[in-house]
file structure_23.cif (mmCIF, C-alpha atoms)
data_query
loop_
_atom_site.label_atom_id
_atom_site.label_comp_id
_atom_site.auth_asym_id
_atom_site.auth_seq_id
_atom_site.Cartn_x
_atom_site.Cartn_y
_atom_site.Cartn_z
CA MET A 19 0.00 0.00 0.00
CA ASN A 20 1.42 3.35 -1.10
CA ILE A 21 1.64 5.58 2.00
CA LYS A 22 2.31 8.64 -0.17
CA ASN A 23 -1.01 8.27 -2.01
CA ILE A 24 -2.89 7.75 1.26
CA ALA A 25 -1.27 10.89 2.69
CA ARG A 26 -2.26 12.82 -0.44
CA ILE A 27 -5.92 11.75 -0.20
CA SER A 28 -5.87 12.46 3.55
CA ALA A 29 -4.56 15.97 2.98
CA ILE A 30 -7.22 16.67 0.33
CA THR A 31 -9.95 15.30 2.61
CA PHE A 32 -8.70 17.34 5.56
CA GLU A 33 -8.62 20.52 3.49
CA GLU A 34 -12.14 19.94 2.18
CA SER A 35 -13.56 19.11 5.61
CA TYR A 36 -12.10 21.96 7.67
CA ARG A 37 -13.72 24.49 5.32
CA LYS A 38 -17.20 23.27 6.22
CA LYS A 39 -18.98 25.88 8.33
CA PHE A 40 -21.00 23.41 10.39
CA LEU A 41 -17.73 22.21 11.92
CA TYR A 42 -17.14 25.59 13.53
CA ILE A 43 -20.75 25.82 14.67
CA LEU A 44 -20.52 22.44 16.42
CA PHE A 45 -17.21 23.36 18.04
CA PHE A 46 -18.58 26.73 19.20
CA LEU A 47 -21.66 25.10 20.74
CA SER A 48 -19.52 22.50 22.52
CA ALA A 49 -17.18 25.18 23.84
CA MET A 50 -20.21 27.10 25.13
CA VAL A 51 -21.39 24.00 27.00
CA VAL A 52 -17.97 23.65 28.65
CA LEU A 53 -17.90 27.34 29.58
CA ALA A 54 -21.46 27.18 30.90
CA ALA A 55 -20.47 24.29 33.16
CA TYR A 56 -17.62 26.43 34.49
CA LEU A 57 -19.55 29.70 34.90
CA PHE A 58 -23.04 28.55 35.81
CA ASP A 59 -23.81 27.71 39.43
CA PRO A 60 -27.49 26.75 39.64
CA PHE A 61 -27.39 25.63 43.29
CA GLU A 62 -25.20 28.50 44.53
CA MET A 63 -22.84 26.02 46.18
CA GLY A 64 -19.72 27.24 44.46
CA LYS A 65 -18.08 25.54 41.53
CA GLN A 66 -18.44 21.77 41.98
CA LEU A 67 -15.66 19.85 40.21
CA PRO A 68 -17.65 16.62 39.61
CA VAL A 69 -20.50 18.59 38.01
CA ILE A 70 -18.13 20.53 35.77
CA ARG A 71 -16.26 17.36 34.79
CA ASP A 72 -19.52 15.57 34.03
CA ILE A 73 -21.04 18.31 31.87
CA SER A 74 -17.76 19.07 30.10
CA LEU A 75 -16.92 15.45 29.24
CA THR A 76 -20.52 14.80 28.17
CA GLY A 77 -20.29 17.82 25.88
CA LEU A 78 -16.98 16.51 24.52
CA GLY A 79 -18.49 13.10 23.79
CA VAL A 80 -21.58 14.53 22.09
CA PHE A 81 -19.40 16.87 20.02
CA GLY A 82 -17.12 14.01 18.98
CA LEU A 83 -20.01 11.83 17.81
CA SER A 84 -21.77 14.75 16.09
CA ILE A 85 -18.72 15.79 14.09
CA THR A 86 -17.98 12.15 13.22
CA PHE A 87 -21.44 11.61 11.77
CA ALA A 88 -21.38 14.99 10.03
CA LEU A 89 -18.03 14.41 8.33
CA PHE A 90 -18.23 10.74 7.43
CA LEU A 91 -21.85 10.51 6.26
CA THR A 92 -21.08 12.74 3.26
CA ALA A 93 -17.42 11.86 2.69
CA ILE A 94 -17.80 9.13 0.06
CA PRO A 95 -21.46 9.37 -1.14
CA ASN A 96 -20.99 13.00 -2.22
CA GLU A 97 -18.02 12.09 -4.40
CA ILE A 98 -19.84 9.12 -5.92
CA GLU A 99 -22.95 11.20 -6.58
CA LYS A 100 -21.02 14.14 -8.08
CA LYS A 101 -18.70 11.73 -9.92
CA THR A 102 -15.62 13.50 -8.50
CA ILE A 103 -14.34 10.09 -7.43
CA TYR A 104 -13.63 9.06 -11.03
CA PRO A 105 -10.69 11.42 -11.67
CA LEU A 106 -9.07 10.07 -8.50
CA MET A 107 -9.63 6.48 -9.55
CA SER A 108 -8.10 7.20 -12.97
CA LYS A 109 -4.84 8.19 -11.30
CA PRO A 110 -2.45 5.58 -9.84
CA ILE A 111 -4.54 5.45 -6.65
CA THR A 112 -6.16 2.20 -5.57
CA ARG A 113 -9.54 1.92 -3.91
CA SER A 114 -7.86 0.85 -0.69
CA GLN A 115 -5.69 3.97 -0.69
CA TYR A 116 -8.72 6.14 -1.38
CA LEU A 117 -10.73 4.56 1.43
CA TRP A 118 -7.94 4.87 4.00
CA GLY A 119 -7.13 8.39 2.85
CA LYS A 120 -10.72 9.55 3.38
CA TYR A 121 -10.80 7.87 6.79
CA ILE A 122 -7.48 9.21 8.07
CA GLY A 123 -8.10 12.74 6.77
CA ASN A 124 -11.40 13.08 8.61
CA MET A 125 -10.12 11.37 11.76
CA PHE A 126 -7.17 13.76 11.91
CA LEU A 127 -9.57 16.71 11.83
CA ILE A 128 -11.71 15.10 14.55
CA PHE A 129 -8.59 14.52 16.66
CA ILE A 130 -7.56 18.19 16.47
CA ASN A 131 -11.01 19.41 17.51
CA ILE A 132 -11.40 16.93 20.37
CA PHE A 133 -7.87 17.60 21.62
CA VAL A 134 -8.37 21.38 21.63
CA LEU A 135 -11.64 20.99 23.52
CA SER A 136 -10.03 18.65 26.07
CA ILE A 137 -7.21 21.16 26.68
CA MET A 138 -9.86 23.81 27.28
CA ILE A 139 -11.58 21.53 29.83
CA MET A 140 -8.27 20.84 31.60
CA PHE A 141 -7.48 24.55 31.75
CA LEU A 142 -10.85 25.41 33.32
CA LEU A 143 -10.49 22.60 35.86
CA TYR A 144 -7.00 23.86 36.66
CA ARG A 145 -8.42 27.34 37.30
CA ILE A 146 -10.70 25.85 39.96
CA ASP A 147 -8.60 23.15 41.59
CA GLY A 148 -5.06 24.31 40.83
CA GLN A 149 -4.15 20.82 39.57
CA ILE A 150 -3.72 19.45 36.07
CA GLU A 151 -6.22 16.62 35.62
CA TRP A 152 -4.46 14.28 33.23
CA THR A 153 -7.30 11.77 33.47
CA VAL A 154 -9.27 14.03 31.13
CA LEU A 155 -6.84 13.02 28.38
CA ASN A 156 -7.54 9.34 29.10
CA SER A 157 -11.24 9.95 28.57
CA THR A 158 -10.47 12.01 25.47
CA LEU A 159 -8.34 9.22 24.00
CA LEU A 160 -11.11 6.64 24.36
CA THR A 161 -13.70 9.11 23.06
CA PHE A 162 -11.53 9.61 19.98
CA ILE A 163 -11.25 5.85 19.46
CA GLU A 164 -15.02 5.54 19.87
CA CYS A 165 -15.40 8.16 17.12
CA GLY A 166 -12.95 6.12 15.05
CA ILE A 167 -15.14 3.02 15.34
CA ILE A 168 -18.25 5.00 14.38
CA GLY A 169 -16.39 6.54 11.44
CA SER A 170 -15.27 3.11 10.20
CA LEU A 171 -18.86 1.79 10.40
CA ILE A 172 -20.11 4.73 8.36
CA ILE A 173 -17.32 4.17 5.82
CA LEU A 174 -18.36 0.51 5.63
CA PHE A 175 -21.95 1.39 4.68
CA SER A 176 -21.36 4.61 2.71
CA PRO A 177 -20.80 3.19 -0.80
CA PHE A 178 -24.00 1.13 -0.62
CA MET A 179 -26.53 3.19 1.36
CA SER A 180 -28.14 6.61 1.33
CA TYR A 181 -27.37 9.13 4.10
CA PRO A 182 -30.58 8.50 6.11
CA VAL A 183 -30.27 4.70 6.01
CA ASN A 184 -26.58 4.86 6.93
CA LEU A 185 -27.33 7.26 9.79
CA VAL A 186 -30.14 5.14 11.23
CA LEU A 187 -28.25 1.85 10.89
CA THR A 188 -25.06 3.22 12.47
CA LEU A 189 -27.05 4.78 15.32
CA LEU A 190 -28.81 1.47 15.97
CA LEU A 191 -25.49 -0.37 16.07
CA TYR A 192 -24.10 2.29 18.42
CA ILE A 193 -27.11 1.96 20.74
CA ALA A 194 -26.83 -1.84 20.70
CA GLY A 195 -23.13 -1.57 21.52
CA ASN A 196 -23.97 0.59 24.54
CA VAL A 197 -26.51 -1.77 26.10
CA SER A 198 -25.36 -2.58 29.62
CA GLN A 199 -25.15 -6.07 31.11
CA ALA A 200 -27.57 -4.96 33.84
CA TYR A 201 -30.20 -4.16 31.21
CA LEU A 202 -29.62 -7.50 29.50
CA ASN A 203 -30.16 -9.26 32.83
CA PHE A 204 -33.37 -7.27 33.28
CA LEU A 205 -34.66 -8.37 29.86
CA ALA A 206 -33.65 -11.99 30.46
CA ALA A 207 -35.57 -12.06 33.75
CA ASP A 208 -38.89 -11.57 31.94
CA PRO A 209 -40.04 -14.47 29.69
CA LYS A 210 -41.77 -11.96 27.38
CA THR A 211 -38.47 -10.24 26.56
CA LEU A 212 -36.23 -13.31 26.70
CA PHE A 213 -35.89 -13.43 22.90
CA SER A 214 -34.96 -9.74 22.77
CA ALA A 215 -32.36 -10.30 25.47
CA GLY A 216 -30.83 -13.17 23.51
CA LEU A 217 -30.77 -11.15 20.29
CA VAL A 218 -29.10 -8.18 21.93
CA ALA A 219 -26.62 -10.47 23.70
CA VAL A 220 -25.60 -11.99 20.36
CA LEU A 221 -25.27 -8.52 18.82
CA LYS A 222 -23.07 -7.42 21.73
CA MET A 223 -20.74 -10.34 21.03
CA ILE A 224 -20.36 -9.23 17.41
CA LEU A 225 -20.59 -5.46 17.68
CA PRO A 226 -17.99 -3.25 19.37
CA ASN A 227 -18.60 -2.91 23.10
CA PHE A 228 -18.71 0.86 23.48
CA GLU A 229 -19.24 0.51 27.22
CA TYR A 230 -15.65 -0.69 27.43
CA LEU A 231 -14.50 2.71 26.18
CA HIS A 232 -16.56 4.79 28.62
CA ILE A 233 -14.56 5.92 31.65
CA LYS A 234 -16.27 9.28 32.14
CA ASN A 235 -17.84 8.34 35.47
CA SER A 236 -14.46 7.29 36.86
CA VAL A 237 -12.93 10.60 35.78
CA VAL A 238 -15.88 12.60 37.13
CA HIS A 239 -15.61 11.04 40.61
CA SER A 240 -11.79 10.91 40.64
CA TYR A 241 -11.61 7.13 40.83
CA ILE A 242 -8.21 5.58 40.21
CA ILE A 243 -8.09 4.02 36.73
CA ASP A 244 -5.61 1.27 36.03
CA PRO A 245 -3.37 2.43 33.12
CA ASN A 246 -3.49 -1.12 31.78
CA TYR A 247 -7.25 -0.76 31.39
CA ILE A 248 -6.80 2.41 29.32
CA TRP A 249 -4.31 0.77 26.98
CA SER A 250 -6.29 -2.47 26.68
CA ALA A 251 -9.47 -0.51 25.87
CA ALA A 252 -7.55 1.57 23.32
CA LEU A 253 -6.07 -1.56 21.73
CA TYR A 254 -9.52 -3.18 21.65
CA GLY A 255 -10.92 -0.17 19.78
CA ILE A 256 -8.02 0.00 17.32
CA ILE A 257 -8.34 -3.70 16.49
CA TYR A 258 -12.05 -3.23 15.86
CA ILE A 259 -11.35 -0.28 13.57
CA LEU A 260 -8.83 -2.32 11.57
CA ILE A 261 -11.29 -5.22 11.21
CA ILE A 262 -14.14 -2.98 10.07
CA MET A 263 -11.90 -1.07 7.64
CA LEU A 264 -10.61 -4.36 6.22
CA ILE A 265 -14.20 -5.50 5.58
CA ALA A 266 -15.02 -2.09 4.11
CA ASP A 267 -12.00 -2.36 1.81
CA ILE A 268 -13.03 -5.82 0.57
CA LEU A 269 -16.61 -4.71 -0.10
CA PHE A 270 -15.50 -1.46 -1.76
CA GLN A 271 -13.36 -3.46 -4.18
CA GLN A 272 -16.57 -5.16 -5.37
CA LYS A 273 -18.49 -1.90 -5.74
CA ASP A 274 -19.44 -1.11 -9.35
CA LEU A 275 -18.43 2.52 -9.90
#
call {"tool": "encode", "arguments": {"input": "structure_23.cif", "output": "structure tokens"}}
result
Amino acid sequence: MNIKNIARISAITFEESYRKKFLYILFFLSAMVVLAAYLFDPFEMGKQLPVIRDISLTGLGVFGLSITFALFLTAIPNEIEKKTIYPLMSKPITRSQYLWGKYIGNMFLIFINIFVLSIMIMFLLYRIDGQIEWTVLNSTLLTFIECGIIGSLIILFSPFMSYPVNLVLTLLLYIAGNVSQAYLNFLAADPKTLFSAGLVAVLKMILPNFEYLHIKNSVVHSYIIDPNYIWSAALYGIIYILIIMLIADILFQQKDL
């Protein structure tokens, strides 16, 4: 695989994506949520660190998912629809290089935005507590990997589905991947929902377990997180991304363009 061609497609994708105005609107709204958590004191109890952490990291997660859907849903279908993909395919660029270039270019832009927002959160927390909360970066890393999994799923479906169908299907898979074991046990306890519990359990075995990547509550309440857990969760997510992108590559090779 030619790294130079992938880098070229990534650079083009990055340049196209960062010019989109909705990106700045989403970032501005997320920054406002973080600032509101820092400035607003509804109970007049002074600035409460857990509350600020919770609202800020929730805003970061919502922003990450929003920008991921916004960028990836239109990345490939637009080029197929407008036929701008054909000049690229006529050059010495393979479909695999094109697919990875589109993915890496958008993920790099997502990384920059999430990282900047996380630095802003850390700065505001430092203003209150006087300590640098490095655990925010752990949560940011896993949020970024979660966005990477979502992006790879959208890439997988993009050449074959319309925007609405891709959006709904990816959201359903994301929701299924977030179903907790406690909820599964609740469904299994009722004979009427036993089939649903079994179906969701099977899906959870196949789909990425997004719960594994969620450490926000531990960061919010200052629980000690084993570094090995962070790295194992990150590795789990990366492996899933590689598997999904490999399947997407194989299917894209069969796509009639």
call {"tool": "resolve_selection", "arguments": {"input": "structure_23.cif", "expression": "the PyMOL selection byres ((chain A and resi 114-125) around 9)", "output": "PyMOL selection string"}}
result
chain A and resi 19-21+23-33+35-36+86+89-90+93-94+106-107+111-113+126-130+162+165-166+169-170+173+263+266-268+270-271
call {"tool": "write_last_selection", "arguments": {"input": "structure_23.cif", "atoms": "C-alpha atoms", "output": "compact mmCIF listing (two decimals), in the coordinates of the input"}}
result
# COMPACT_ATOMS: atom_id res chain seq x y z
CA MET A 19 0.00 0.00 0.00
CA ASN A 20 1.42 3.35 -1.10
CA ILE A 21 1.64 5.58 2.00
CA ASN A 23 -1.01 8.27 -2.01
CA ILE A 24 -2.89 7.75 1.26
CA ALA A 25 -1.27 10.89 2.69
CA ARG A 26 -2.26 12.82 -0.44
CA ILE A 27 -5.92 11.75 -0.20
CA SER A 28 -5.87 12.46 3.55
CA ALA A 29 -4.56 15.97 2.98
CA ILE A 30 -7.22 16.67 0.33
CA THR A 31 -9.95 15.30 2.61
CA PHE A 32 -8.70 17.34 5.56
CA GLU A 33 -8.62 20.52 3.49
CA SER A 35 -13.56 19.11 5.61
CA TYR A 36 -12.10 21.96 7.67
CA THR A 86 -17.98 12.15 13.22
CA LEU A 89 -18.03 14.41 8.33
CA PHE A 90 -18.23 10.74 7.43
CA ALA A 93 -17.42 11.86 2.69
CA ILE A 94 -17.80 9.13 0.06
CA LEU A 106 -9.07 10.07 -8.50
CA MET A 107 -9.63 6.48 -9.55
CA ILE A 111 -4.54 5.45 -6.65
CA THR A 112 -6.16 2.20 -5.57
CA ARG A 113 -9.54 1.92 -3.91
CA PHE A 126 -7.17 13.76 11.91
CA LEU A 127 -9.57 16.71 11.83
CA ILE A 128 -11.71 15.10 14.55
CA PHE A 129 -8.59 14.52 16.66
CA ILE A 130 -7.56 18.19 16.47
CA PHE A 162 -11.53 9.61 19.98
CA CYS A 165 -15.40 8.16 17.12
CA GLY A 166 -12.95 6.12 15.05
CA GLY A 169 -16.39 6.54 11.44
CA SER A 170 -15.27 3.11 10.20
CA ILE A 173 -17.32 4.17 5.82
CA MET A 263 -11.90 -1.07 7.64
CA ALA A 266 -15.02 -2.09 4.11
CA ASP A 267 -12.00 -2.36 1.81
CA ILE A 268 -13.03 -5.82 0.57
CA PHE A 270 -15.50 -1.46 -1.76
CA GLN A 271 -13.36 -3.46 -4.18
call {"tool": "residues_around", "arguments": {"input": "structure_23.cif", "residues": "Asn227 in chain A", "least_positions_apart": "6", "cutoff": "10 Å", "atoms": "all atoms listed in the file", "output": "NGL selection string"}}
result
:A and (164 or 192 or 194-198 or 221 or 251 or 254-255 or 258)
call {"tool": "atom_distance", "arguments": {"input": "structure_23.cif", "atom1": "CA of Arg37 in chain A", "atom2": "CA of Asn131 in chain A"}}
result
13.5 Å
call {"tool": "atom_distance", "arguments": {"input": "structure_23.cif", "atom1": "CA of Ala54 in chain A", "atom2": "CA of Phe133 in chain A"}}
result
19.0 Å
call {"tool": "residues_around", "arguments": {"input": "structure_23.cif", "residues": "Leu191 in chain A", "least_positions_apart": "5", "cutoff": "12 Å", "atoms": "only C-alpha atoms", "output": "list in words"}}
result
Ile167, Ile168, Leu171, Ile172, Asn184, Leu185, Val186, Asn196, Val197, Val218, Leu221, Lys222, Ile224, Leu225, Pro226, Asn227 and Phe228 of chain A
call {"tool": "resolve_selection", "arguments": {"input": "structure_23.cif", "expression": "the PyMOL selection byres ((chain A and resi 48) around 12)", "output": "JSON, numbers by chain"}}
result
{"A": [41, 42, 43, 44, 45, 46, 47, 49, 50, 51, 52, 53, 54, 55, 73, 74, 75, 76, 77, 78, 79, 80, 81, 82, 83, 84, 85, 131, 132, 134, 135, 136, 138, 139]}
call {"tool": "closest_residue", "arguments": {"input": "structure_23.cif", "among": "A:Ile193, A:Met140, A:Val238, A:Leu231", "to": "Leu253 in chain A", "atoms": "all atoms listed in the file"}}
result
A:Leu231
call {"tool": "closest_residue", "arguments": {"input": "structure_23.cif", "among": "A:Val154, A:Leu174, A:Met179, A:Ile163", "to": "Glu99 in chain A", "atoms": "all atoms listed in the file"}}
result
A:Met179
call {"tool": "closest_residue", "arguments": {"input": "structure_23.cif", "among": "A:Tyr56, A:Lys273, A:Asp72, A:Thr92", "to": "Lys38 in chain A", "atoms": "only C-alpha atoms"}}
result
A:Thr92
call {"tool": "atom_distance", "arguments": {"input": "structure_23.cif", "atom1": "CA of Leu142 in chain A", "atom2": "CA of Arg71 in chain A"}}
result
9.8 Å
call {"tool": "resolve_selection", "arguments": {"input": "structure_23.cif", "expression": "the PyMOL selection byres ((chain A and resi 248) around 9)", "output": "list in words"}}
result
Asn156, Ser157, Leu159, Leu160, Leu231, Ile233, Ile243, Asp244, Pro245, Asn246, Tyr247, Trp249, Ser250, Ala251, Ala252 and Leu253 of chain A
call {"tool": "axis_aligned_box", "arguments": {"input": "structure_23.cif", "around": "range 90-109 of chain A", "padding_each_side": "8 Å", "output": "AutoDock Vina command-line options"}}
result
--center_x -13.9 --center_y 10.3 --center_z -2.8 --size_x 34.1 --size_y 23.7 --size_z 36.4
call {"tool": "closest_residue", "arguments": {"input": "structure_23.cif", "among": "A:Ile242, A:Val69, A:Ala88, A:Ile261", "to": "Phe40 in chain A", "atoms": "all atoms listed in the file"}}
result
A:Ala88
